[in-house]
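S.K.: Sharing protein-v9.txt (compact mmCIF, C-alpha atoms) below.
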```txt
# COMPACT_ATOMS: atom_id res chain seq x y z
CA MET A 1 0.00 0.00 0.00
CA ASN A 2 2.91 2.21 0.75
CA GLU A 3 4.24 1.63 -2.74
CA LYS A 4 0.85 2.43 -4.20
CA SER A 5 0.71 5.66 -2.20
CA LEU A 6 4.21 6.60 -3.28
CA ALA A 7 3.36 5.90 -6.93
CA GLN A 8 0.21 8.01 -6.69
CA ALA A 9 2.08 10.79 -4.91
CA LYS A 10 4.72 10.72 -7.65
CA LYS A 11 1.99 10.91 -10.35
CA ILE A 12 0.38 13.80 -8.49
CA VAL A 13 3.70 15.66 -8.35
CA GLU A 14 4.27 15.01 -12.07
CA LEU A 15 0.74 16.22 -12.94
CA GLU A 16 1.17 19.30 -10.77
CA ALA A 17 4.48 20.06 -12.52
CA ARG A 18 2.86 19.56 -15.92
CA LEU A 19 -0.08 21.74 -14.92
CA ALA A 20 2.26 24.43 -13.60
CA SER A 21 4.18 24.32 -16.91
CA GLU A 22 0.93 24.58 -18.89
CA LEU A 23 -0.24 27.41 -16.64
CA GLU A 24 3.00 29.35 -17.25
CA LYS A 25 2.65 28.72 -20.98
CA PHE A 26 -0.92 30.08 -21.00
CA LYS A 27 0.07 33.07 -18.85
CA SER A 28 2.89 33.86 -21.28
CA GLU A 29 0.51 33.61 -24.26
CA ALA A 30 -2.05 35.80 -22.47
CA GLU A 31 0.56 38.47 -21.69
CA LYS A 32 1.72 38.39 -25.32
CA ALA A 33 -1.87 38.78 -26.55
CA ILE A 34 -2.45 41.69 -24.14
CA THR A 35 0.73 43.41 -25.32
CA GLU A 36 -0.31 43.00 -28.98
CA ALA A 37 -3.82 44.26 -28.25
CA GLU A 38 -2.43 47.32 -26.47
CA ALA A 39 -0.11 48.06 -29.42
CA ILE A 40 -3.03 47.78 -31.84
CA ALA A 41 -5.13 50.05 -29.63
CA VAL A 42 -2.35 52.67 -29.62
CA VAL A 43 -2.20 52.59 -33.43
CA TYR A 44 -5.98 52.90 -33.77
CA GLN A 45 -6.03 55.74 -31.23
CA ALA A 46 -3.34 57.62 -33.18
CA ASP A 47 -5.23 57.04 -36.44
CA ALA A 48 -8.46 58.31 -34.90
CA GLU A 49 -6.76 61.45 -33.58
CA ALA A 50 -5.14 62.09 -36.97
CA ALA A 51 -8.52 61.68 -38.69
CA GLN A 52 -10.08 64.19 -36.28
CA VAL A 53 -7.32 66.71 -36.96
CA GLN A 54 -7.68 66.23 -40.71
CA ALA A 55 -11.47 66.63 -40.55
CA ARG A 56 -11.10 69.81 -38.49
CA GLU A 57 -8.56 71.24 -40.98
CA GLU A 58 -10.80 70.37 -43.93
CA ALA A 59 -13.76 72.06 -42.25
CA GLU A 60 -11.68 75.19 -41.62
CA THR A 61 -10.47 75.19 -45.23
CA ALA A 62 -14.02 74.83 -46.53
CA GLN A 63 -15.21 77.64 -44.29
CA THR A 64 -12.38 79.92 -45.44
CA ARG A 65 -13.06 79.08 -49.08
CA ALA A 66 -16.77 79.79 -48.64
CA HIS A 67 -15.92 83.18 -47.12
CA LEU A 68 -13.57 84.00 -50.00
CA VAL A 69 -16.15 82.96 -52.60
CA GLY A 70 -18.66 85.26 -50.87
CA GLU A 71 -16.16 88.11 -50.98
CA LEU A 72 -15.60 87.45 -54.70
CA ALA A 73 -19.34 87.61 -55.33
CA LYS A 74 -19.53 90.94 -53.48
CA CYS A 75 -16.66 92.35 -55.54
CA GLN A 76 -18.22 91.20 -58.80
CA SER A 77 -21.58 92.68 -57.84
CA ARG A 78 -19.99 96.00 -56.87
CA ARG A 79 -18.06 96.19 -60.16
CA GLU A 80 -21.16 95.36 -62.18
CA THR A 81 -23.15 98.02 -60.34
CA LEU A 82 -20.44 100.60 -60.97
CA GLU A 83 -20.32 99.64 -64.66
CA GLU A 84 -24.11 100.00 -64.92
CA ILE A 85 -23.93 103.44 -63.33
CA HIS A 86 -21.07 104.35 -65.65
CA ALA A 87 -23.10 103.16 -68.65
CA ARG A 88 -25.80 105.67 -67.67
CA GLY A 89 -23.32 108.50 -68.09
CA PHE A 90 -21.60 108.95 -64.75
CA GLU A 91 -17.80 109.12 -64.66
CA LEU A 92 -16.69 106.27 -62.40
CA THR A 93 -13.51 105.15 -64.13
CA GLU A 94 -11.38 105.13 -60.99
CA GLU A 95 -14.02 103.31 -58.97
CA ILE A 96 -14.43 100.69 -61.72
CA ILE A 97 -10.66 100.16 -61.91
CA LYS A 98 -10.50 99.71 -58.12
CA ALA A 99 -13.48 97.34 -58.18
CA LYS A 100 -11.88 95.26 -60.95
CA LYS A 101 -8.61 95.06 -59.00
CA LEU A 102 -10.47 93.97 -55.84
CA GLU A 103 -12.37 91.39 -57.88
CA VAL A 104 -9.16 89.98 -59.36
CA ASP A 105 -7.55 89.83 -55.91
CA ALA A 106 -10.62 88.14 -54.40
CA GLY A 107 -10.77 85.70 -57.32
CA ALA A 108 -7.13 84.76 -56.81
CA LEU A 109 -7.74 84.11 -53.11
CA ALA A 110 -10.88 82.07 -53.77
CA SER A 111 -9.26 79.96 -56.48
CA ASP A 112 -7.94 76.48 -55.71
CA ASP A 113 -6.07 75.91 -58.99
CA ASP A 114 -2.58 77.30 -59.52
CA ASP A 115 -3.47 77.94 -63.18
CA ASP A 116 -6.40 80.10 -62.12
CA ASP A 117 -4.16 82.00 -59.72
CA ASP A 118 -1.67 82.76 -62.51
CA GLU A 119 -4.46 83.85 -64.84
CA SER A 120 -6.07 86.03 -62.17
CA LYS A 121 -2.81 87.75 -61.32
CA SER A 122 -2.12 88.62 -64.96
CA GLY A 123 -5.45 90.41 -65.41
CA SER A 124 -9.17 89.84 -65.31
CA LYS A 125 -10.48 86.62 -66.77
CA SER A 126 -12.58 88.34 -69.42
CA GLY A 127 -9.57 90.18 -70.86
CA GLU A 128 -10.68 93.60 -69.68
CA LYS A 129 -7.96 96.15 -69.02
CA LEU A 130 -7.45 97.39 -65.50
CA ASP A 131 -6.33 100.84 -66.58
CA GLY A 132 -9.86 101.77 -67.72
CA GLU A 133 -8.94 102.60 -71.33
CA ASP A 134 -11.93 100.79 -72.78
CA THR A 135 -14.48 102.02 -70.20
CA ALA A 136 -13.66 105.67 -69.51
CA PRO A 137 -15.44 108.44 -71.43
CA GLU A 138 -13.50 111.67 -71.75
CA GLU A 139 -15.91 113.94 -69.93
CA ASN A 140 -18.19 113.68 -66.91
CA GLN A 141 -21.81 113.42 -67.83
CA GLU A 142 -24.71 113.78 -65.46
CA PRO A 143 -28.28 112.72 -66.47
```
Can you give me the file's structure in the form of structure tokens?
M.R.:
Amino acid sequence: MNEKSLAQAKKIVELEARLASELEKFKSEAEKAITEAEAIAVVYQADAEAAQVQAREEAETAQTRAHLVGELAKCQSRRETLEEIHARGFELTEEIIKAKKLEVDAGALASDDDDDDDESKSGSKSGEKLDGEDTAPEENQEP
């Protein structure tokens, strides 16, 4: 019976050792999985923050562009109004020249394309002269 007890005790010790080895193996695998999960979480967190920054910048850019497009529309409207008044006989050459220059500047700011910027800087898009040669009558006329 003593031998049987010793054999069982030896088997128990062997099983406990094997279980302890398996337990260490599983703990090691669990720690490795936790480390990998934390690394993935850090990457996803960084990506999410970068996406938020990009979205915020895009919103600001869109808002700025909308403002500049509104300013361009105001400049165009002012120039057209001045040209209409001039067509009725009032001398507004200087005001028209200033309005055209403001319109060109606003158009350059509102433009996204480099080609449009170059074109806007060289003169108005319709080919009109900024010096007022083609729009200025010689004398002031009042209706």
S.K.: May I have the protein, DNA and RNA residues with any atom at most 6 Å from the point (-12.9, 84.9, -56.9), counting all atoms listed in the file, written as an NGL selection string?
M.R.: :A and (69 or 72 or 106-108 or 110)
S.K.: Do you know which residues are at most 8 Å from Arg79 in chain A counting all atoms listed in the file, after dropping those on the same chain fewer than 5 positions away, and could you put them as a count of residues only?
M.R.: 4
S.K.: How far is it from CA of Leu109 in chain A to CA of Thr93 in chain A, in Å with one decimal?
M.R.: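 Computed distance, CA of Leu109 in chain A to CA of Thr93 in chain A, equals 24.4 Å.
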S.K.: Counting only C-alpha atoms, which of A:Leu102, A:Ala46, A:Lys11, A:Ala39 gets nearest to Glu71 in chain A?
M.R.: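 For Glu71 in chain A, the nearest of the candidates is A:Leu102.
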